[in-house]
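Visitor: Input file: structure20.cif. Contents: mmCIF, N, CA and C atoms and all ligand atoms.
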data_run
#
loop_
_atom_site.label_atom_id
_atom_site.label_comp_id
_atom_site.auth_asym_id
_atom_site.auth_seq_id
_atom_site.Cartn_x
_atom_site.Cartn_y
_atom_site.Cartn_z
N MET A 1 0.84 -1.20 0.00
CA MET A 1 0.00 0.00 0.00
C MET A 1 0.87 1.25 0.00
N LYS A 2 0.47 2.23 -0.81
CA LYS A 2 1.23 3.47 -0.81
C LYS A 2 1.09 4.16 0.54
N PRO A 3 2.16 4.83 0.99
CA PRO A 3 2.11 5.45 2.33
C PRO A 3 0.97 6.45 2.48
N GLU A 4 0.65 7.19 1.40
CA GLU A 4 -0.47 8.15 1.51
C GLU A 4 -1.77 7.41 1.80
N MET A 5 -1.93 6.26 1.14
CA MET A 5 -3.14 5.48 1.35
C MET A 5 -3.21 4.96 2.78
N ALA A 6 -2.06 4.51 3.28
CA ALA A 6 -2.02 3.99 4.65
C ALA A 6 -2.42 5.09 5.63
N ALA A 7 -1.90 6.30 5.42
CA ALA A 7 -2.21 7.41 6.33
C ALA A 7 -3.69 7.76 6.26
N ARG A 8 -4.23 7.80 5.04
CA ARG A 8 -5.65 8.11 4.87
C ARG A 8 -6.52 7.09 5.57
N ARG A 9 -6.14 5.82 5.39
CA ARG A 9 -6.93 4.75 5.97
C ARG A 9 -6.96 4.87 7.50
N ILE A 10 -5.80 5.22 8.07
CA ILE A 10 -5.73 5.37 9.53
C ILE A 10 -6.60 6.53 9.99
N ALA A 11 -6.46 7.69 9.30
CA ALA A 11 -7.25 8.87 9.69
C ALA A 11 -8.75 8.57 9.55
N HIS A 12 -9.09 7.88 8.48
CA HIS A 12 -10.48 7.51 8.26
C HIS A 12 -10.98 6.58 9.36
N GLY A 13 -10.14 5.60 9.70
CA GLY A 13 -10.49 4.64 10.75
C GLY A 13 -10.70 5.30 12.10
N LEU A 14 -10.04 6.46 12.31
CA LEU A 14 -10.21 7.19 13.56
C LEU A 14 -11.49 8.03 13.53
N GLY A 15 -12.14 8.07 12.37
CA GLY A 15 -13.42 8.77 12.28
C GLY A 15 -13.30 10.22 11.86
N TYR A 16 -12.13 10.65 11.40
CA TYR A 16 -11.97 12.05 11.00
C TYR A 16 -12.40 12.25 9.55
N ARG A 17 -12.99 13.39 9.29
CA ARG A 17 -13.33 13.78 7.93
C ARG A 17 -12.18 14.60 7.40
N PHE A 18 -11.83 14.37 6.15
CA PHE A 18 -10.70 15.14 5.60
C PHE A 18 -10.84 15.26 4.10
N ARG A 19 -10.01 16.12 3.54
CA ARG A 19 -9.93 16.28 2.10
C ARG A 19 -8.50 16.00 1.68
N LEU A 20 -8.34 15.80 0.37
CA LEU A 20 -7.03 15.41 -0.13
C LEU A 20 -6.43 16.50 -1.00
N HIS A 21 -5.11 16.61 -0.94
CA HIS A 21 -4.34 17.39 -1.92
C HIS A 21 -4.95 18.73 -2.27
N ARG A 22 -5.16 19.56 -1.27
CA ARG A 22 -5.69 20.90 -1.53
C ARG A 22 -4.61 21.75 -2.19
N ARG A 23 -4.77 22.00 -3.46
CA ARG A 23 -3.73 22.72 -4.20
C ARG A 23 -3.65 24.19 -3.82
N ASP A 24 -4.71 24.69 -3.15
CA ASP A 24 -4.64 26.08 -2.73
C ASP A 24 -3.85 26.24 -1.44
N LEU A 25 -3.43 25.15 -0.84
CA LEU A 25 -2.60 25.24 0.35
C LEU A 25 -1.14 24.96 -0.02
N LEU A 26 -0.25 25.66 0.66
CA LEU A 26 1.18 25.53 0.38
C LEU A 26 1.65 24.09 0.46
N GLY A 27 2.36 23.68 -0.54
CA GLY A 27 2.94 22.36 -0.51
C GLY A 27 1.96 21.25 -0.84
N THR A 28 0.69 21.61 -1.13
CA THR A 28 -0.33 20.63 -1.45
C THR A 28 -0.31 19.45 -0.46
N PRO A 29 -0.74 19.73 0.78
CA PRO A 29 -0.68 18.67 1.81
C PRO A 29 -1.49 17.43 1.38
N ASP A 30 -1.06 16.27 1.83
CA ASP A 30 -1.72 15.03 1.43
C ASP A 30 -3.10 14.88 2.06
N ILE A 31 -3.20 15.30 3.30
CA ILE A 31 -4.48 15.18 4.01
C ILE A 31 -4.77 16.51 4.69
N VAL A 32 -5.97 17.03 4.47
CA VAL A 32 -6.35 18.34 5.01
C VAL A 32 -7.60 18.17 5.85
N PHE A 33 -7.56 18.73 7.06
CA PHE A 33 -8.73 18.66 7.95
C PHE A 33 -9.39 20.03 7.96
N PRO A 34 -10.44 20.20 7.18
CA PRO A 34 -11.06 21.52 7.05
C PRO A 34 -11.64 21.96 8.39
N GLY A 35 -11.51 23.24 8.68
CA GLY A 35 -12.05 23.76 9.93
C GLY A 35 -11.10 23.63 11.10
N ARG A 36 -10.13 22.73 11.01
CA ARG A 36 -9.18 22.58 12.12
C ARG A 36 -7.88 23.32 11.88
N LYS A 37 -7.70 23.77 10.65
CA LYS A 37 -6.43 24.39 10.26
C LYS A 37 -5.27 23.44 10.57
N LYS A 38 -5.44 22.19 10.20
CA LYS A 38 -4.38 21.20 10.40
C LYS A 38 -4.25 20.36 9.14
N VAL A 39 -3.02 20.04 8.81
CA VAL A 39 -2.77 19.25 7.61
C VAL A 39 -1.71 18.19 7.91
N ILE A 40 -1.75 17.12 7.13
CA ILE A 40 -0.74 16.07 7.25
C ILE A 40 -0.02 15.94 5.92
N PHE A 41 1.29 15.91 6.00
CA PHE A 41 2.11 15.59 4.85
C PHE A 41 2.64 14.18 4.99
N VAL A 42 2.56 13.42 3.93
CA VAL A 42 3.21 12.11 3.91
C VAL A 42 4.43 12.25 3.01
N HIS A 43 5.59 12.18 3.62
CA HIS A 43 6.82 12.41 2.87
C HIS A 43 7.50 11.10 2.50
N GLY A 44 8.04 11.09 1.28
CA GLY A 44 8.80 9.94 0.83
C GLY A 44 10.22 10.01 1.37
N CYS A 45 10.71 8.91 1.90
CA CYS A 45 12.04 8.93 2.53
C CYS A 45 13.12 9.32 1.52
N PHE A 46 13.01 8.83 0.29
CA PHE A 46 14.00 9.18 -0.72
C PHE A 46 13.80 10.61 -1.20
N TRP A 47 12.62 10.93 -1.68
CA TRP A 47 12.39 12.23 -2.34
C TRP A 47 12.50 13.40 -1.39
N ASP A 48 12.16 13.19 -0.12
CA ASP A 48 12.19 14.30 0.83
C ASP A 48 13.35 14.17 1.82
N MET A 49 14.28 13.29 1.52
CA MET A 49 15.53 13.16 2.28
C MET A 49 15.32 12.93 3.77
N HIS A 50 14.64 11.88 4.09
CA HIS A 50 14.51 11.52 5.50
C HIS A 50 15.87 11.08 6.04
N SER A 51 16.06 11.24 7.36
CA SER A 51 17.31 10.82 7.97
C SER A 51 17.20 9.37 8.43
N CYS A 52 16.79 8.49 7.52
CA CYS A 52 16.66 7.08 7.87
C CYS A 52 17.46 6.24 6.88
N LYS A 53 17.43 4.94 7.11
CA LYS A 53 18.26 4.04 6.29
C LYS A 53 17.86 4.00 4.82
N THR A 54 16.55 4.08 4.56
CA THR A 54 16.12 3.92 3.16
C THR A 54 16.42 5.16 2.32
N ALA A 55 16.73 6.27 2.98
CA ALA A 55 17.02 7.49 2.23
C ALA A 55 18.52 7.59 1.99
N HIS A 56 18.91 7.63 0.74
CA HIS A 56 20.32 7.84 0.44
C HIS A 56 20.44 8.45 -0.95
N VAL A 57 21.47 9.23 -1.16
CA VAL A 57 21.70 9.82 -2.47
C VAL A 57 22.30 8.76 -3.39
N PRO A 58 21.70 8.57 -4.57
CA PRO A 58 22.25 7.55 -5.49
C PRO A 58 23.72 7.81 -5.81
N GLN A 59 24.45 6.73 -6.03
CA GLN A 59 25.89 6.88 -6.25
C GLN A 59 26.22 7.44 -7.63
N SER A 60 25.44 7.04 -8.64
CA SER A 60 25.71 7.63 -9.95
C SER A 60 24.96 8.96 -10.06
N ASN A 61 25.57 9.91 -10.73
CA ASN A 61 24.99 11.26 -10.82
C ASN A 61 24.73 11.86 -9.44
N SER A 62 25.61 11.59 -8.50
CA SER A 62 25.28 11.96 -7.12
C SER A 62 25.16 13.47 -6.94
N ASP A 63 25.92 14.27 -7.71
CA ASP A 63 25.79 15.72 -7.58
C ASP A 63 24.40 16.18 -8.00
N TYR A 64 23.95 15.65 -9.13
CA TYR A 64 22.61 15.98 -9.62
C TYR A 64 21.56 15.63 -8.57
N TRP A 65 21.65 14.40 -8.07
CA TRP A 65 20.65 13.94 -7.10
C TRP A 65 20.71 14.73 -5.81
N ARG A 66 21.93 14.98 -5.34
CA ARG A 66 22.05 15.70 -4.08
C ARG A 66 21.39 17.08 -4.19
N GLN A 67 21.66 17.77 -5.30
CA GLN A 67 21.05 19.09 -5.47
C GLN A 67 19.54 19.01 -5.55
N LYS A 68 19.07 18.05 -6.32
CA LYS A 68 17.63 17.91 -6.51
C LYS A 68 16.94 17.59 -5.18
N LEU A 69 17.52 16.66 -4.43
CA LEU A 69 16.90 16.24 -3.18
C LEU A 69 17.00 17.33 -2.12
N GLU A 70 18.14 18.04 -2.12
CA GLU A 70 18.28 19.16 -1.18
C GLU A 70 17.23 20.23 -1.46
N ARG A 71 16.96 20.45 -2.74
CA ARG A 71 15.91 21.42 -3.10
C ARG A 71 14.56 20.97 -2.57
N ASN A 72 14.26 19.69 -2.72
CA ASN A 72 13.00 19.16 -2.17
C ASN A 72 12.92 19.42 -0.67
N ARG A 73 14.02 19.10 0.01
CA ARG A 73 14.00 19.24 1.47
C ARG A 73 13.83 20.70 1.87
N ALA A 74 14.54 21.59 1.18
CA ALA A 74 14.43 23.02 1.48
C ALA A 74 13.00 23.51 1.23
N ARG A 75 12.41 23.04 0.14
CA ARG A 75 11.04 23.44 -0.20
C ARG A 75 10.06 22.95 0.87
N ASP A 76 10.24 21.70 1.29
CA ASP A 76 9.37 21.15 2.35
C ASP A 76 9.46 22.00 3.61
N ALA A 77 10.70 22.34 4.00
CA ALA A 77 10.89 23.10 5.24
C ALA A 77 10.25 24.47 5.12
N LYS A 78 10.41 25.10 3.96
CA LYS A 78 9.84 26.43 3.73
C LYS A 78 8.31 26.37 3.80
N ASN A 79 7.74 25.35 3.22
CA ASN A 79 6.28 25.21 3.24
C ASN A 79 5.76 25.07 4.67
N LEU A 80 6.46 24.28 5.49
CA LEU A 80 6.01 24.08 6.87
C LEU A 80 6.04 25.39 7.63
N VAL A 81 7.11 26.16 7.43
CA VAL A 81 7.23 27.45 8.13
C VAL A 81 6.13 28.40 7.68
N ALA A 82 5.89 28.44 6.36
CA ALA A 82 4.87 29.36 5.83
C ALA A 82 3.47 28.96 6.29
N LEU A 83 3.20 27.68 6.32
CA LEU A 83 1.89 27.21 6.80
C LEU A 83 1.69 27.60 8.26
N GLN A 84 2.75 27.41 9.04
CA GLN A 84 2.66 27.74 10.46
C GLN A 84 2.41 29.24 10.64
N ALA A 85 3.10 30.04 9.83
CA ALA A 85 2.91 31.50 9.89
C ALA A 85 1.48 31.87 9.53
N ALA A 86 0.84 31.05 8.71
CA ALA A 86 -0.54 31.31 8.31
C ALA A 86 -1.53 30.69 9.31
N GLY A 87 -1.02 30.16 10.42
CA GLY A 87 -1.88 29.62 11.46
C GLY A 87 -2.33 28.20 11.22
N CYS A 88 -1.61 27.50 10.36
CA CYS A 88 -1.96 26.13 10.03
C CYS A 88 -0.89 25.18 10.57
N GLN A 89 -1.32 24.20 11.37
CA GLN A 89 -0.36 23.24 11.94
C GLN A 89 -0.18 22.05 11.01
N SER A 90 1.05 21.58 10.94
CA SER A 90 1.35 20.44 10.07
C SER A 90 1.91 19.28 10.86
N LEU A 91 1.56 18.09 10.42
CA LEU A 91 2.17 16.87 10.95
C LEU A 91 2.81 16.18 9.75
N VAL A 92 4.09 15.81 9.91
CA VAL A 92 4.77 15.10 8.84
C VAL A 92 4.89 13.63 9.22
N LEU A 93 4.37 12.77 8.36
CA LEU A 93 4.53 11.33 8.54
C LEU A 93 5.45 10.84 7.43
N TRP A 94 6.41 10.02 7.80
CA TRP A 94 7.37 9.51 6.82
C TRP A 94 6.96 8.13 6.33
N GLU A 95 7.31 7.90 5.09
CA GLU A 95 7.04 6.62 4.43
C GLU A 95 7.46 5.43 5.30
N CYS A 96 8.67 5.50 5.87
CA CYS A 96 9.17 4.36 6.65
C CYS A 96 8.34 4.16 7.92
N GLU A 97 7.81 5.26 8.48
CA GLU A 97 6.99 5.13 9.69
C GLU A 97 5.67 4.45 9.36
N LEU A 98 5.18 4.71 8.13
CA LEU A 98 3.91 4.12 7.74
C LEU A 98 4.04 2.66 7.34
N ASN A 99 5.28 2.21 7.12
CA ASN A 99 5.48 0.79 6.88
C ASN A 99 5.25 -0.03 8.14
N ASP A 100 5.39 0.63 9.27
CA ASP A 100 5.20 -0.04 10.55
C ASP A 100 4.34 0.88 11.40
N PRO A 101 3.05 0.97 11.06
CA PRO A 101 2.24 2.11 11.51
C PRO A 101 1.63 1.99 12.89
N ASN A 102 2.20 1.19 13.78
CA ASN A 102 1.51 0.94 15.06
C ASN A 102 1.24 2.18 15.88
N ASP A 103 2.18 3.14 15.86
CA ASP A 103 1.96 4.32 16.72
C ASP A 103 1.37 5.50 15.95
N ILE A 104 1.07 5.29 14.68
CA ILE A 104 0.56 6.40 13.86
C ILE A 104 -0.84 6.86 14.30
N PRO A 105 -1.77 5.93 14.58
CA PRO A 105 -3.09 6.40 15.01
C PRO A 105 -3.02 7.32 16.21
N GLU A 106 -2.19 6.97 17.19
CA GLU A 106 -2.08 7.80 18.39
C GLU A 106 -1.48 9.16 18.06
N ARG A 107 -0.50 9.18 17.17
CA ARG A 107 0.10 10.48 16.78
C ARG A 107 -0.92 11.35 16.07
N ILE A 108 -1.72 10.75 15.20
CA ILE A 108 -2.72 11.53 14.49
C ILE A 108 -3.77 12.05 15.47
N ARG A 109 -4.19 11.18 16.38
CA ARG A 109 -5.18 11.60 17.38
C ARG A 109 -4.66 12.76 18.23
N ARG A 110 -3.41 12.64 18.69
CA ARG A 110 -2.82 13.72 19.49
C ARG A 110 -2.74 15.01 18.70
N PHE A 111 -2.34 14.88 17.44
CA PHE A 111 -2.18 16.05 16.59
C PHE A 111 -3.50 16.78 16.39
N LEU A 112 -4.58 16.03 16.26
CA LEU A 112 -5.87 16.63 15.93
C LEU A 112 -6.67 17.04 17.17
N ARG A 113 -6.18 16.66 18.32
CA ARG A 113 -6.91 16.94 19.55
C ARG A 113 -6.99 18.44 19.79
ZN ZN B 1 12.40 7.21 6.40
#
Show the structure stored in the file as structure tokens.
Guide:
Amino acid sequence: MKPEMAARRIAHGLGYRFRLHRRDLLGTPDIVFPGRKKVIFVHGCFWDMHSCKTAHVPQSNSDYWRQKLERNRARDAKNLVALQAAGCQSLVLWECELNDPNDIPERIRRFLR
């Protein structure tokens, strides 16, 4: 299952209503909770440069990849800051965390409380 799907399924299972990929919000968050001013991003470990084992810069064309991935990471960070400045709270869930999602429901519940 794709990590976005896993996150949606968990949020849905908790009984929350949400919308997907609101393009009018910075960074096009994966899951948006209207009225709560809260959004969830599901980040890919590779594309968004997570500090985990599955994230690594490819060995061939490594300069190209490093620049590209660093840009992604910088853009993600900028979006989170801008959303927060606009009064919107963000929760970032990583792909690797959703592979073993036991504590994700509790994190989502805490975040939305
Ligand atoms: Zn990861």
Visitor: Would you please extract all strand (DSSP E) residues from range 9-112 of chain A, as assigned by DSSP on the backbone, and give them as an NGL selection string?
Guide: :A and (19-20 or 31-33 or 38-43 or 89-94)
Visitor: For each of A:Lys78, A:Lys53, A:Phe33, A:Ser60, take the minimum atom-to-atom distance to Tyr16 in chain A, counting all atoms listed in the file, then give the residue where this is smallest.
Guide: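 Once distances to Tyr16 in chain A are computed over all atoms listed in the file, the minimum belongs to A:Phe33.
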Visitor: Just how far from CA of Val57 in chain A is CA of Val42 in chain A, in Å to one decimal?
Guide: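 Separating CA of Val42 in chain A from CA of Val57 in chain A is a distance of 19.7 Å.
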Visitor: Name the residues in contact with Leu20 in chain A at a cut-off of 6 Å, using all atoms listed in the file, excluding same-chain residues fewer than 5 positions from it; report them as a list in words.
Guide: Pro29, Asp30, Ile31 and Val32 of chain A
Visitor: Which residue, A:Gln84, A:Thr54, A:Phe41, A:Arg113, has the smallest gap to Ala7 in chain A when you use only C-alpha atoms?
Guide: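 So, comparing all the options, the nearest one is A:Phe41.
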Visitor: For Ala11 in chain A, which of A:Ile40, A:Leu26, A:Trp65, A:Ser90 is the closest residue, counting only C-alpha atoms?
Guide: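 Of all the options, A:Ile40 lies closest to Ala11 in chain A.
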Visitor: Would you mind listing what lies within 9 Å of Asn72 in chain A as a PDB file with N, CA and C atoms, in the frame of the given file, with only C-alpha atoms counted and same-chain residues fewer than 3 positions away left out?
Guide:
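File written: result_31.pdb
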ATOM      1  N   TRP A  47      12.620  10.930  -1.680  1.00  0.00           N
ATOM      2  CA  TRP A  47      12.390  12.230  -2.340  1.00  0.00           C
ATOM      3  C   TRP A  47      12.500  13.400  -1.390  1.00  0.00           C
ATOM      4  N   ASP A  48      12.160  13.190  -0.120  1.00  0.00           N
ATOM      5  CA  ASP A  48      12.190  14.300   0.830  1.00  0.00           C
ATOM      6  C   ASP A  48      13.350  14.170   1.820  1.00  0.00           C
ATOM      7  N   MET A  49      14.280  13.290   1.520  1.00  0.00           N
ATOM      8  CA  MET A  49      15.530  13.160   2.280  1.00  0.00           C
ATOM      9  C   MET A  49      15.320  12.930   3.770  1.00  0.00           C
ATOM     10  N   GLN A  67      21.660  17.770  -5.300  1.00  0.00           N
ATOM     11  CA  GLN A  67      21.050  19.090  -5.470  1.00  0.00           C
ATOM     12  C   GLN A  67      19.540  19.010  -5.550  1.00  0.00           C
ATOM     13  N   LYS A  68      19.070  18.050  -6.320  1.00  0.00           N
ATOM     14  CA  LYS A  68      17.630  17.910  -6.510  1.00  0.00           C
ATOM     15  C   LYS A  68      16.940  17.590  -5.180  1.00  0.00           C
ATOM     16  N   LEU A  69      17.520  16.660  -4.430  1.00  0.00           N
ATOM     17  CA  LEU A  69      16.900  16.240  -3.180  1.00  0.00           C
ATOM     18  C   LEU A  69      17.000  17.330  -2.120  1.00  0.00           C
ATOM     19  N   ARG A  75      12.410  23.040   0.140  1.00  0.00           N
ATOM     20  CA  ARG A  75      11.040  23.440  -0.200  1.00  0.00           C
ATOM     21  C   ARG A  75      10.060  22.950   0.870  1.00  0.00           C
ATOM     22  N   ASP A  76      10.240  21.700   1.290  1.00  0.00           N
ATOM     23  CA  ASP A  76       9.370  21.150   2.350  1.00  0.00           C
ATOM     24  C   ASP A  76       9.460  22.000   3.610  1.00  0.00           C
ATOM     25  N   ALA A  77      10.700  22.340   4.000  1.00  0.00           N
ATOM     26  CA  ALA A  77      10.890  23.100   5.240  1.00  0.00           C
ATOM     27  C   ALA A  77      10.250  24.470   5.120  1.00  0.00           C
TER      28      ALA A  77
END
Visitor: Give me every alpha helix (DSSP H) residue in chain A, going by DSSP on the backbone, as a count of residues only.
Guide: 49
Visitor: Can I get the residues close to ligand ZN 1 (chain B) as a VMD selection string, where close means within 8 Å and we count only C-alpha atoms and all ligand atoms?
Guide: chain A and resid 44 to 46 49 to 55 94 to 97
Visitor: Could you please determine the separation between atom C of Val39 in chain A and atom C of Gln89 in chain A in Å, to one decimal place?
Guide: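 Atom C of Gln89 in chain A lies 5.2 Å from atom C of Val39 in chain A.
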Visitor: I need the residue nearest Arg36 in chain A from this list: A:Gly87, A:Val81, A:Asn99, A:Glu4. Use all atoms listed in the file for the distance.
Guide: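 Ranked by minimum distance to Arg36 in chain A, first place goes to A:Gly87.
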Visitor: Quick one: of A:Leu80, A:Asp63, A:Lys2, A:Phe18, who's nearest to Leu98 in chain A, counting only C-alpha atoms?
Guide: A:Lys2
Visitor: What does the distance from CA of Ile108 in chain A to atom N of Cys88 in chain A come to in Å, to one decimal?
Guide: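 Taking CA of Ile108 in chain A and atom N of Cys88 in chain A, their separation equals 16.5 Å.
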Visitor: Kindly provide, as JSON, the centre and edge lengths (Å, one decimal) of an axis-aligned box around all atoms of range 13-26 of chain A given in the file, with 6 Å on each side.
Guide:
{"center_x": -5.9, "center_y": 15.4, "center_z": 4.7, "size_x": 27.1, "size_y": 33.6, "size_z": 29.8}
Visitor: When distances are computed from only N, CA and C atoms, which of A:Arg73, A:His56, A:Arg19, A:His43 shows the smallest separation from Leu91 in chain A?
Guide: A:His43
Visitor: Would you fill out range 27-37 of chain A with all heavy atoms and return it as an mmCIF file, in the frame of the given file?
Guide:
data_model
loop_
_atom_site.group_PDB
_atom_site.id
_atom_site.type_symbol
_atom_site.label_atom_id
_atom_site.label_comp_id
_atom_site.auth_asym_id
_atom_site.auth_seq_id
_atom_site.Cartn_x
_atom_site.Cartn_y
_atom_site.Cartn_z
ATOM 1 N N GLY A 27 2.360 23.680 -0.540
ATOM 2 C CA GLY A 27 2.940 22.360 -0.510
ATOM 3 C C GLY A 27 1.960 21.250 -0.840
ATOM 4 O O GLY A 27 2.319 20.081 -0.816
ATOM 5 N N THR A 28 0.690 21.610 -1.130
ATOM 6 C CA THR A 28 -0.330 20.630 -1.450
ATOM 7 C C THR A 28 -0.310 19.450 -0.460
ATOM 8 O O THR A 28 0.077 18.338 -0.793
ATOM 9 C CB THR A 28 -0.181 20.084 -2.892
ATOM 10 O OG1 THR A 28 0.103 21.158 -3.763
ATOM 11 C CG2 THR A 28 -1.450 19.393 -3.357
ATOM 12 N N PRO A 29 -0.740 19.730 0.780
ATOM 13 C CA PRO A 29 -0.680 18.670 1.810
ATOM 14 C C PRO A 29 -1.490 17.430 1.380
ATOM 15 O O PRO A 29 -2.488 17.564 0.663
ATOM 16 C CB PRO A 29 -1.325 19.317 3.027
ATOM 17 C CG PRO A 29 -1.302 20.783 2.774
ATOM 18 C CD PRO A 29 -1.317 20.974 1.297
ATOM 19 N N ASP A 30 -1.060 16.270 1.830
ATOM 20 C CA ASP A 30 -1.720 15.030 1.430
ATOM 21 C C ASP A 30 -3.100 14.880 2.060
ATOM 22 O O ASP A 30 -4.013 14.363 1.432
ATOM 23 C CB ASP A 30 -0.843 13.834 1.817
ATOM 24 C CG ASP A 30 0.464 13.858 1.049
ATOM 25 O OD1 ASP A 30 0.439 13.504 -0.137
ATOM 26 O OD2 ASP A 30 1.484 14.284 1.612
ATOM 27 N N ILE A 31 -3.200 15.300 3.300
ATOM 28 C CA ILE A 31 -4.480 15.180 4.010
ATOM 29 C C ILE A 31 -4.770 16.510 4.690
ATOM 30 O O ILE A 31 -3.924 17.053 5.389
ATOM 31 C CB ILE A 31 -4.431 14.050 5.065
ATOM 32 C CG1 ILE A 31 -4.049 12.721 4.399
ATOM 33 C CG2 ILE A 31 -5.761 13.918 5.785
ATOM 34 C CD1 ILE A 31 -3.887 11.570 5.388
ATOM 35 N N VAL A 32 -5.970 17.030 4.470
ATOM 36 C CA VAL A 32 -6.350 18.340 5.010
ATOM 37 C C VAL A 32 -7.600 18.170 5.850
ATOM 38 O O VAL A 32 -8.563 17.532 5.419
ATOM 39 C CB VAL A 32 -6.630 19.323 3.846
ATOM 40 C CG1 VAL A 32 -7.102 20.664 4.389
ATOM 41 C CG2 VAL A 32 -5.395 19.496 2.974
ATOM 42 N N PHE A 33 -7.560 18.730 7.060
ATOM 43 C CA PHE A 33 -8.730 18.660 7.950
ATOM 44 C C PHE A 33 -9.390 20.030 7.960
ATOM 45 O O PHE A 33 -8.955 20.931 8.674
ATOM 46 C CB PHE A 33 -8.291 18.244 9.349
ATOM 47 C CG PHE A 33 -7.635 16.894 9.369
ATOM 48 C CD1 PHE A 33 -6.260 16.777 9.231
ATOM 49 C CD2 PHE A 33 -8.400 15.750 9.477
ATOM 50 C CE1 PHE A 33 -5.659 15.537 9.215
ATOM 51 C CE2 PHE A 33 -7.799 14.495 9.463
ATOM 52 C CZ PHE A 33 -6.430 14.385 9.323
ATOM 53 N N PRO A 34 -10.440 20.200 7.180
ATOM 54 C CA PRO A 34 -11.060 21.520 7.050
ATOM 55 C C PRO A 34 -11.640 21.960 8.390
ATOM 56 O O PRO A 34 -12.188 21.142 9.121
ATOM 57 C CB PRO A 34 -12.186 21.310 6.023
ATOM 58 C CG PRO A 34 -11.987 19.949 5.454
ATOM 59 C CD PRO A 34 -11.191 19.178 6.447
ATOM 60 N N GLY A 35 -11.510 23.240 8.680
ATOM 61 C CA GLY A 35 -12.050 23.760 9.930
ATOM 62 C C GLY A 35 -11.100 23.630 11.100
ATOM 63 O O GLY A 35 -11.225 24.335 12.086
ATOM 64 N N ARG A 36 -10.130 22.730 11.010
ATOM 65 C CA ARG A 36 -9.180 22.580 12.120
ATOM 66 C C ARG A 36 -7.880 23.320 11.880
ATOM 67 O O ARG A 36 -7.046 23.448 12.773
ATOM 68 C CB ARG A 36 -8.813 21.106 12.325
ATOM 69 C CG ARG A 36 -9.950 20.265 12.805
ATOM 70 C CD ARG A 36 -9.532 18.814 12.799
ATOM 71 N NE ARG A 36 -10.653 17.946 13.088
ATOM 72 C CZ ARG A 36 -10.952 17.502 14.307
ATOM 73 N NH1 ARG A 36 -10.194 17.831 15.323
ATOM 74 N NH2 ARG A 36 -11.996 16.748 14.488
ATOM 75 N N LYS A 37 -7.700 23.770 10.650
ATOM 76 C CA LYS A 37 -6.430 24.390 10.260
ATOM 77 C C LYS A 37 -5.270 23.440 10.570
ATOM 78 O O LYS A 37 -4.252 23.821 11.166
ATOM 79 C CB LYS A 37 -6.224 25.728 10.971
ATOM 80 C CG LYS A 37 -7.123 26.818 10.405
ATOM 81 C CD LYS A 37 -6.540 28.187 10.639
ATOM 82 C CE LYS A 37 -6.855 29.131 9.490
ATOM 83 N NZ LYS A 37 -5.905 30.221 9.356
#
